[in-house]
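**Q** Please see the structure below; I have some questions.
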Amino acid sequence: MVESAARRRKGAQAAEGRPNDGLFDRELDHLPPAARWREWMNRVEATIFAANEPVTRETLARVVGKSCNLELIIDDIREELRGRPYDLVAVAGGWKHLTRPVYGDAIRAALGTSERAVDLTQSEVLVLMTIAYFQPITRAELSSFFGKEISRDLIGHLRGAGMIASGPRSPTPGAPYTYVTTKTFLSHFGLDTLRDLPDFEALEDAGLLSKEKLLAGDIMPGFSNDADGDAGVVGDE
């Protein structure tokens, strides 16, 4: 009876997709060191290859032993991919296989534009960039930055594209929602974390972004050109 119950528990774990420590050998102690390392590399690469989203360290740790250094595993995989048309890239807090940019034209010529491609207007890119640098931020604060009301439609489009999400409520009167960027934002722009954003001072020096100009409403020329009819609103309400 006890053995039968144990088997049922193991079967239930497998059915629910949870790792089963009793059946899956992570340590591979029976293999010589070189063969063990190769198997860990294969497991890590296969897991990343099969995943639709960037794979985190915690996920990869489920398929390798305790003595495995994941950074070294990734380095060795990337070394083997030199000269290949794709690479293993740190993005959105995990790792993902991405084709090299130089082959973008060939891929588009063969497969066309991806249906999942995010089409953002200049206004949306500027608002998204502002959210990225000053998050968490409210819609009213965004409107103050740009000297024009940022419409709910524009925010809704960025949310629908998965680029932003609701953050904590602001401590200001009315406790409005704030907005923050998402892992989709990081993945779309090829960033691992927000620390990989271009240095703010460098952007200011290049004349691409200025907090003072934003606060003063001195926005980039043509910012409101994307708006549909109302010159005082960025995006329709």
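In the structure tokens, each chain is lettered A, B, ... as it comes, each chain's residues begin at 1, and ligands are numbered from 1 in order of appearance.
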Counting only C-alpha atoms, what is within 8 Å of A:Arg62, bar same-chain residues fewer than 2 positions away, as a compact mmCIF listing (two decimals) with N, CA and C atoms, in the first residue's frame?
**A**
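The resulting file, part.txt, is shown below:
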# COMPACT_ATOMS: atom_id res chain seq x y z
N PRO A 19 8.99 19.12 -11.55
CA PRO A 19 10.17 18.26 -11.61
C PRO A 19 10.13 17.18 -10.54
N ARG A 26 20.09 15.15 -11.94
CA ARG A 26 20.75 16.42 -12.25
C ARG A 26 22.26 16.33 -12.10
N GLU A 58 16.66 30.34 -12.49
CA GLU A 58 15.95 29.38 -11.63
C GLU A 58 15.44 28.19 -12.44
N THR A 59 14.96 28.47 -13.64
CA THR A 59 14.47 27.39 -14.50
C THR A 59 15.61 26.48 -14.95
N LEU A 60 16.72 27.08 -15.38
CA LEU A 60 17.85 26.28 -15.86
C LEU A 60 18.47 25.46 -14.74
N VAL A 64 20.43 21.01 -14.15
CA VAL A 64 21.86 20.80 -13.96
C VAL A 64 22.15 20.54 -12.48
**Q** Please give the complete set of residues from stretch 69-166 of chain A that DSSP, run on the backbone, assigns to strand (DSSP E or B), formatted as a PyMOL selection string.
**A** chain A and resi 86-91+94-99+137-138+149-150+164-166
**Q** I'd like to know which of A:Thr130, A:Asn52, A:Asn42, A:Thr138 is closest to A:Gly94, using only C-alpha atoms.
**A**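 Of A:Thr130, A:Asn52, A:Asn42, A:Thr138, the one nearest A:Gly94 is A:Asn52, counting only C-alpha atoms.
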**Q** With distances taken over only C-alpha atoms, which of A:Ala132, A:Ala109, A:Leu88, A:Leu120 is nearest to A:Leu158?
**A**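 Closest residue, counting only C-alpha atoms: A:Leu120.
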**Q** In Å, how far is it from atom CA of A:Met41 to atom CA of A:Leu72?
**A**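 One can read the atom CA of A:Met41 to atom CA of A:Leu72 distance as 9.5 Å.
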**Q** Skipping near chain neighbours, those fewer than 4 positions away, what residues fall within 12 Å of A:Gly104 using only C-alpha atoms, listed as a list of chain:residue names?
**A** A:Pro85, A:Tyr86, A:Leu98, A:Thr99, A:Arg100, A:Arg108, A:Ala109, A:Ala110, A:Leu111, A:Gly112, A:Thr113, A:Ser114
**Q** From a DSSP calculation on the backbone, collect every residue of stretch 32-212 of chain A in alpha helix (DSSP H) and output the set as a PyMOL selection string.
**A** chain A and resi 33-50+57-60+70-80+104-111+122-134+139-146+152-160+183-188+200-205+211-212
**Q** Could you tell me which of A:Gly174, A:Arg159, A:Val63, A:Arg36 comes closest to A:Ala140 if we count only C-alpha atoms?
**A**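 Among A:Gly174, A:Arg159, A:Val63, A:Arg36, it is A:Gly174 that comes nearest to A:Ala140.
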**Q** One number please: atom CA of A:Val180 to atom CA of A:Ile137, in Å, one decimal.
**A** 7.1 Å
